[in-house]
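Asks: This is the content of target.pdb (PDB, C-alpha atoms, pLDDT in the B column):
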```pdb
ATOM      1  CA  MET T   1     -17.622  12.491  -5.524  1.00 65.00           C
ATOM      2  CA  ASP T   2     -15.038  11.093  -7.962  1.00 84.00           C
ATOM      3  CA  THR T   3     -14.211   7.385  -8.241  1.00 84.00           C
ATOM      4  CA  ALA T   4     -10.978   7.725  -6.248  1.00 85.00           C
ATOM      5  CA  GLU T   5     -12.840   9.264  -3.309  1.00 89.00           C
ATOM      6  CA  LYS T   6     -15.550   6.578  -3.547  1.00 88.00           C
ATOM      7  CA  PHE T   7     -12.847   3.925  -3.278  1.00 88.00           C
ATOM      8  CA  ARG T   8     -11.255   5.704  -0.304  1.00 92.00           C
ATOM      9  CA  GLU T   9     -14.688   5.811   1.390  1.00 90.00           C
ATOM     10  CA  THR T  10     -14.934   2.030   0.939  1.00 87.00           C
ATOM     11  CA  VAL T  11     -11.491   1.651   2.527  1.00 89.00           C
ATOM     12  CA  ARG T  12     -12.591   3.818   5.468  1.00 92.00           C
ATOM     13  CA  ASN T  13     -15.651   1.579   6.006  1.00 89.00           C
ATOM     14  CA  ASN T  14     -14.201  -1.124   8.243  1.00 86.00           C
ATOM     15  CA  PHE T  15     -16.748  -3.821   7.300  1.00 90.00           C
ATOM     16  CA  LYS T  16     -16.559  -3.236   3.525  1.00 90.00           C
ATOM     17  CA  PHE T  17     -12.794  -3.107   3.540  1.00 88.00           C
ATOM     18  CA  LYS T  18     -12.504  -6.299   5.577  1.00 90.00           C
ATOM     19  CA  LEU T  19     -14.638  -8.035   2.935  1.00 91.00           C
ATOM     20  CA  PHE T  20     -12.410  -6.567   0.188  1.00 89.00           C
ATOM     21  CA  MET T  21      -9.270  -7.789   1.990  1.00 90.00           C
ATOM     22  CA  LEU T  22     -10.716 -11.255   2.588  1.00 91.00           C
ATOM     23  CA  LYS T  23     -11.599 -11.582  -1.107  1.00 92.00           C
ATOM     24  CA  GLU T  24      -8.613  -9.852  -2.744  1.00 90.00           C
ATOM     25  CA  LEU T  25      -5.786  -9.966  -0.149  1.00 91.00           C
ATOM     26  CA  PRO T  26      -6.417 -12.919   2.171  1.00 93.00           C
ATOM     27  CA  SER T  27      -2.823 -13.035   3.462  1.00 93.00           C
ATOM     28  CA  ALA T  28      -3.073  -9.401   4.521  1.00 92.00           C
ATOM     29  CA  PHE T  29      -6.491 -10.014   6.070  1.00 91.00           C
ATOM     30  CA  PHE T  30      -5.317 -12.936   8.210  1.00 93.00           C
ATOM     31  CA  SER T  31      -2.121 -11.097   9.166  1.00 94.00           C
ATOM     32  CA  GLY T  32      -4.264  -8.370  10.695  1.00 94.00           C
ATOM     33  CA  ILE T  33      -3.095  -5.559   8.434  1.00 95.00           C
ATOM     34  CA  ARG T  34      -5.374  -2.525   8.598  1.00 94.00           C
ATOM     35  CA  VAL T  35      -5.509   0.787   6.776  1.00 95.00           C
ATOM     36  CA  ALA T  36      -5.447   3.389   9.536  1.00 95.00           C
ATOM     37  CA  GLU T  37      -5.719   6.419   7.239  1.00 95.00           C
ATOM     38  CA  ILE T  38      -6.127   7.159   3.551  1.00 96.00           C
ATOM     39  CA  THR T  39      -6.324  10.493   1.771  1.00 94.00           C
ATOM     40  CA  GLU T  40      -5.464  11.559  -1.759  1.00 94.00           C
ATOM     41  CA  GLU T  41      -1.904  12.299  -0.620  1.00 96.00           C
ATOM     42  CA  LYS T  42      -1.080   9.526   1.842  1.00 97.00           C
ATOM     43  CA  ALA T  43      -1.914   6.134   3.278  1.00 97.00           C
ATOM     44  CA  VAL T  44      -1.088   4.750   6.707  1.00 98.00           C
ATOM     45  CA  VAL T  45      -1.140   0.979   7.220  1.00 97.00           C
ATOM     46  CA  ARG T  46      -0.670  -0.882  10.511  1.00 97.00           C
ATOM     47  CA  ILE T  47       0.585  -4.441  10.857  1.00 98.00           C
ATOM     48  CA  PRO T  48       0.453  -6.105  14.286  1.00 97.00           C
ATOM     49  CA  PHE T  49       3.252  -8.115  15.817  1.00 97.00           C
ATOM     50  CA  LYS T  50       1.651 -11.519  16.317  1.00 95.00           C
ATOM     51  CA  PHE T  51       2.004 -15.209  15.541  1.00 93.00           C
ATOM     52  CA  LEU T  52       1.286 -14.853  11.794  1.00 93.00           C
ATOM     53  CA  THR T  53       3.732 -11.955  11.272  1.00 95.00           C
ATOM     54  CA  LYS T  54       6.741 -12.981  13.326  1.00 94.00           C
ATOM     55  CA  ASN T  55       9.801 -15.090  12.572  1.00 93.00           C
ATOM     56  CA  PRO T  56      11.736 -17.561  14.786  1.00 94.00           C
ATOM     57  CA  PHE T  57      14.064 -14.711  15.881  1.00 94.00           C
ATOM     58  CA  LYS T  58      11.311 -12.957  17.864  1.00 93.00           C
ATOM     59  CA  SER T  59      10.956 -10.122  15.369  1.00 96.00           C
ATOM     60  CA  MET T  60       8.620  -9.355  12.498  1.00 96.00           C
ATOM     61  CA  TYR T  61       9.220 -11.384   9.359  1.00 96.00           C
ATOM     62  CA  PHE T  62      10.576  -9.246   6.505  1.00 96.00           C
ATOM     63  CA  ALA T  63       7.874 -10.496   4.132  1.00 96.00           C
ATOM     64  CA  SER T  64       5.153  -9.377   6.546  1.00 97.00           C
ATOM     65  CA  GLN T  65       6.710  -5.924   6.574  1.00 98.00           C
ATOM     66  CA  ALA T  66       6.926  -5.943   2.765  1.00 97.00           C
ATOM     67  CA  MET T  67       3.242  -6.868   2.499  1.00 97.00           C
ATOM     68  CA  ALA T  68       2.183  -3.961   4.723  1.00 98.00           C
ATOM     69  CA  ALA T  69       4.596  -1.549   3.032  1.00 98.00           C
ATOM     70  CA  GLU T  70       3.279  -2.513  -0.391  1.00 98.00           C
ATOM     71  CA  LEU T  71      -0.305  -2.040   0.749  1.00 97.00           C
ATOM     72  CA  ALA T  72       0.516   1.494   1.910  1.00 98.00           C
ATOM     73  CA  THR T  73       1.597   2.350  -1.641  1.00 98.00           C
ATOM     74  CA  GLY T  74      -0.794   0.054  -3.476  1.00 97.00           C
ATOM     75  CA  ILE T  75      -3.956   1.302  -1.787  1.00 96.00           C
ATOM     76  CA  LEU T  76      -3.150   4.790  -3.103  1.00 97.00           C
ATOM     77  CA  ALA T  77      -2.716   3.308  -6.575  1.00 96.00           C
ATOM     78  CA  LEU T  78      -5.946   1.293  -6.328  1.00 95.00           C
ATOM     79  CA  SER T  79      -7.853   4.413  -5.352  1.00 94.00           C
ATOM     80  CA  GLN T  80      -6.614   6.174  -8.499  1.00 95.00           C
ATOM     81  CA  ILE T  81      -7.388   3.369 -10.966  1.00 93.00           C
ATOM     82  CA  SER T  82     -10.733   2.413  -9.429  1.00 91.00           C
ATOM     83  CA  GLY T  83     -13.608   3.030 -11.826  1.00 87.00           C
ATOM     84  CA  ARG T  84     -11.443   4.508 -14.599  1.00 87.00           C
ATOM     85  CA  LYS T  85     -12.570   4.169 -18.193  1.00 88.00           C
ATOM     86  CA  PRO T  86     -10.638   2.852 -19.955  1.00 90.00           C
ATOM     87  CA  LYS T  87      -9.381   0.587 -17.212  1.00 93.00           C
ATOM     88  CA  VAL T  88      -5.821   1.075 -15.988  1.00 95.00           C
ATOM     89  CA  SER T  89      -3.584  -1.845 -15.083  1.00 95.00           C
ATOM     90  CA  MET T  90      -1.015  -1.595 -12.302  1.00 96.00           C
ATOM     91  CA  LEU T  91       1.939  -3.760 -11.410  1.00 96.00           C
ATOM     92  CA  VAL T  92       4.933  -3.621  -9.089  1.00 97.00           C
ATOM     93  CA  PHE T  93       7.904  -3.273 -11.428  1.00 96.00           C
ATOM     94  CA  ASP T  94      10.673  -3.096  -8.820  1.00 97.00           C
ATOM     95  CA  MET T  95      11.143  -3.018  -5.058  1.00 98.00           C
ATOM     96  CA  ASN T  96      13.997  -2.102  -2.748  1.00 98.00           C
ATOM     97  CA  ALA T  97      14.104  -2.474   1.014  1.00 98.00           C
ATOM     98  CA  HIS T  98      16.317  -1.288   3.836  1.00 98.00           C
ATOM     99  CA  PHE T  99      16.022  -2.646   7.376  1.00 97.00           C
ATOM    100  CA  SER T 100      17.482  -0.535  10.174  1.00 97.00           C
ATOM    101  CA  LYS T 101      16.147  -2.180  13.358  1.00 96.00           C
ATOM    102  CA  LYS T 102      14.427  -5.410  14.367  1.00 96.00           C
ATOM    103  CA  ALA T 103      10.676  -4.911  14.421  1.00 97.00           C
ATOM    104  CA  ARG T 104       9.480  -6.309  17.755  1.00 97.00           C
ATOM    105  CA  THR T 105       6.193  -4.425  17.981  1.00 97.00           C
ATOM    106  CA  ALA T 106       3.395  -3.444  15.646  1.00 98.00           C
ATOM    107  CA  VAL T 107       4.663  -1.329  12.749  1.00 98.00           C
ATOM    108  CA  ILE T 108       2.977   1.608  11.029  1.00 98.00           C
ATOM    109  CA  PHE T 109       3.851   2.115   7.350  1.00 98.00           C
ATOM    110  CA  THR T 110       3.244   5.496   5.762  1.00 98.00           C
ATOM    111  CA  CYS T 111       3.357   6.420   2.082  1.00 98.00           C
ATOM    112  CA  GLU T 112       3.021  10.070   1.061  1.00 98.00           C
ATOM    113  CA  ASN T 113       3.280   9.693  -2.738  1.00 98.00           C
ATOM    114  CA  GLY T 114      -0.422   9.896  -3.526  1.00 97.00           C
ATOM    115  CA  LYS T 115      -0.066  12.951  -5.801  1.00 97.00           C
ATOM    116  CA  ASP T 116       2.767  11.292  -7.768  1.00 98.00           C
ATOM    117  CA  ILE T 117       0.624   8.194  -8.245  1.00 97.00           C
ATOM    118  CA  LYS T 118      -2.368  10.280  -9.339  1.00 96.00           C
ATOM    119  CA  ASN T 119      -0.199  12.145 -11.868  1.00 97.00           C
ATOM    120  CA  ALA T 120       1.144   8.854 -13.280  1.00 97.00           C
ATOM    121  CA  VAL T 121      -2.371   7.455 -13.726  1.00 96.00           C
ATOM    122  CA  GLU T 122      -3.574  10.653 -15.385  1.00 95.00           C
ATOM    123  CA  LYS T 123      -0.550  10.611 -17.714  1.00 96.00           C
ATOM    124  CA  THR T 124      -1.227   7.062 -18.888  1.00 96.00           C
ATOM    125  CA  MET T 125      -4.886   7.975 -19.416  1.00 94.00           C
ATOM    126  CA  LYS T 126      -3.834  10.855 -21.688  1.00 94.00           C
ATOM    127  CA  THR T 127      -1.019   9.141 -23.590  1.00 94.00           C
ATOM    128  CA  GLY T 128      -1.909   5.446 -23.485  1.00 91.00           C
ATOM    129  CA  GLU T 129       1.751   4.783 -22.723  1.00 94.00           C
ATOM    130  CA  GLY T 130       3.056   2.920 -19.699  1.00 95.00           C
ATOM    131  CA  VAL T 131       4.108   5.192 -16.841  1.00 97.00           C
ATOM    132  CA  THR T 132       6.222   4.322 -13.813  1.00 97.00           C
ATOM    133  CA  VAL T 133       6.312   6.013 -10.435  1.00 98.00           C
ATOM    134  CA  GLU T 134       8.333   5.467  -7.267  1.00 98.00           C
ATOM    135  CA  ALA T 135       6.470   5.267  -3.985  1.00 98.00           C
ATOM    136  CA  LYS T 136       8.218   5.075  -0.621  1.00 98.00           C
ATOM    137  CA  SER T 137       6.784   3.404   2.459  1.00 98.00           C
ATOM    138  CA  VAL T 138       8.444   3.984   5.839  1.00 98.00           C
ATOM    139  CA  GLY T 139       7.827   1.629   8.768  1.00 98.00           C
ATOM    140  CA  ILE T 140       7.927   2.975  12.320  1.00 98.00           C
ATOM    141  CA  ASP T 141       7.599   0.904  15.509  1.00 97.00           C
ATOM    142  CA  LYS T 142       5.741   1.837  18.707  1.00 96.00           C
ATOM    143  CA  ASP T 143       8.840   3.655  20.036  1.00 96.00           C
ATOM    144  CA  GLY T 144       8.894   5.930  16.996  1.00 97.00           C
ATOM    145  CA  ASP T 145      11.984   4.320  15.477  1.00 97.00           C
ATOM    146  CA  VAL T 146      12.274   3.608  11.758  1.00 98.00           C
ATOM    147  CA  VAL T 147      12.547  -0.176  11.356  1.00 98.00           C
ATOM    148  CA  SER T 148      12.358  -0.429   7.572  1.00 98.00           C
ATOM    149  CA  GLU T 149      11.961   1.581   4.394  1.00 98.00           C
ATOM    150  CA  PHE T 150      10.611   0.215   1.133  1.00 98.00           C
ATOM    151  CA  THR T 151      10.609   1.787  -2.297  1.00 98.00           C
ATOM    152  CA  PHE T 152       8.185   0.339  -4.825  1.00 98.00           C
ATOM    153  CA  VAL T 153       8.244   1.205  -8.507  1.00 98.00           C
ATOM    154  CA  TRP T 154       4.704   0.913  -9.831  1.00 98.00           C
ATOM    155  CA  THR T 155       3.884   0.813 -13.520  1.00 97.00           C
ATOM    156  CA  PHE T 156       0.505   1.921 -14.870  1.00 97.00           C
ATOM    157  CA  LYS T 157      -0.945   1.438 -18.341  1.00 96.00           C
ATOM    158  CA  ALA T 158      -4.326   2.435 -19.699  1.00 94.00           C
ATOM    159  CA  LYS T 159      -5.982  -0.532 -21.424  1.00 90.00           C
ATOM    160  CA  LYS T 160      -7.318  -0.149 -24.923  1.00 82.00           C
TER
END
```
Step by step, read the file and then write its structure as structure tokens.

Replies:
Amino acid sequence: MDTAEKFRETVRNNFKFKLFMLKELPSAFFSGIRVAEITEEKAVVRIPFKFLTKNPFKSMYFASQAMAAELATGILALSQISGRKPKVSMLVFDMNAHFSKKARTAVIFTCENGKDIKNAVEKTMKTGEGVTVEAKSVGIDKDGDVVSEFTFVWTFKAKK
């Protein structure tokens, strides 16, 4: 089992991943964000509609949506850099968002750019140069309607 799959197994273990979230992403932990699915190709993240995620307008706060959308892309990136030697750094370089409907229920964010992320990490490992990759995260409410779409530009660089 490679290091990426080991990391994904940790994410799939509810107890271990809750500890990881509490330590590394406490805002996401307390917001109730959960990774519903993770494979090499895609990640699915769910954020509930509750007191800590809503705004005064009875919809989900845009920043709560951004946090869940980023996690859907970032968890794929974390799985690819986990355990690499040399280590690989990752950073959000840019982000764009589009909101098409008020989110008044839980939202599921899906990112299907796992292969692109893996290729970017492998490229920086080979070249030592910084590599960027776009990853899109689409949020769908319980009625199946798209409520928001986020595009994150991640940058990766192998450390010396």

Asks: Could you tell me which residues the PyMOL selection byres ((chain T and resi 99) around 7) returns for this structure, as a list in words?

Replies: Ala97, His98, Ser100, Lys101, Val147, Ser148 and Glu149 of chain T

Asks: What's the 8 Å shell around segment 17-33 of chain T, counting only C-alpha atoms, without same-chain residues fewer than 6 positions away, as a list of chain:residue names?

Replies: T:Thr10, T:Val11, T:Val45, T:Arg46, T:Ile47, T:Pro48, T:Leu52, T:Thr53, T:Ser64, T:Met67, T:Ala68

Asks: Nearest to Glu37 of chain T among T:Met125, T:Gly139, T:Ser89, T:Leu76, with distances taken over only C-alpha atoms: which residue is it?

Replies: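 Once distances to Glu37 of chain T are computed over only C-alpha atoms, the minimum belongs to T:Leu76.
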
Asks: Taking all atoms listed in the file into account, name the residue in T:Phe109, T:Leu71, T:Phe51, T:Thr155 that is nearest to Lys142 of chain T.

Replies: T:Phe109

Asks: Taking the file as shown, what set of residues would the PyMOL selection byres ((chain T and resi 103) around 9) give back, as a list in words?

Replies: Phe49, Lys58, Ser59, Met60, Tyr61, Gln65, Lys101, Lys102, Arg104, Thr105, Ala106, Val107, Ile140, Asp141, Val147 and Ser148 of chain T

Asks: Would you compute the box with edges along x, y and z of the file around segment 106-120 of chain T, including every atom the file lists for it and 6 Å extra on each side, and give its centre and edge lengths in Å to one decimal, as lines of an AutoDock Vina configuration file?

Replies:
```
center_x = 1.1
center_y = 4.8
center_z = 1.2
size_x = 19.0
size_y = 28.4
size_z = 40.9
```

Asks: Tell me which of T:Phe62, T:Val131, T:Phe150, T:Ser79 sits closest to Arg12 of chain T, counting all atoms listed in the file.

Replies: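 Of all the options, T:Ser79 lies closest to Arg12 of chain T.
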
Asks: So, with all atoms listed in the file as the atoms that count, which of T:Ala69, T:Val121, T:Val146, T:Ala135 lies closest to Val88 of chain T?

Replies: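 Closest candidate: T:Val121.
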
Asks: On this structure, which residues satisfy the PyMOL selection byres ((chain T and resi 81-85) around 9), written as a CSV table (one decimal) with C-alpha atoms, in the coordinates of the input?

Replies:
```csv
chain,number,residue,atom,x,y,z
T,3,THR,CA,-14.2,7.4,-8.2
T,4,ALA,CA,-11.0,7.7,-6.2
T,6,LYS,CA,-15.6,6.6,-3.5
T,7,PHE,CA,-12.8,3.9,-3.3
T,77,ALA,CA,-2.7,3.3,-6.6
T,78,LEU,CA,-5.9,1.3,-6.3
T,79,SER,CA,-7.9,4.4,-5.4
T,80,GLN,CA,-6.6,6.2,-8.5
T,86,PRO,CA,-10.6,2.9,-20.0
T,87,LYS,CA,-9.4,0.6,-17.2
T,88,VAL,CA,-5.8,1.1,-16.0
T,89,SER,CA,-3.6,-1.8,-15.1
T,90,MET,CA,-1.0,-1.6,-12.3
T,118,LYS,CA,-2.4,10.3,-9.3
T,121,VAL,CA,-2.4,7.5,-13.7
T,125,MET,CA,-4.9,8.0,-19.4
T,156,PHE,CA,0.5,1.9,-14.9
T,158,ALA,CA,-4.3,2.4,-19.7
T,159,LYS,CA,-6.0,-0.5,-21.4
```

Asks: Just checking: using only C-alpha atoms, which residue out of T:Glu5, T:Asp145, T:Lys136, T:Ala36 ends up closest to Glu112 of chain T?

Replies: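 Counting only C-alpha atoms, the residue closest to Glu112 of chain T is T:Lys136.
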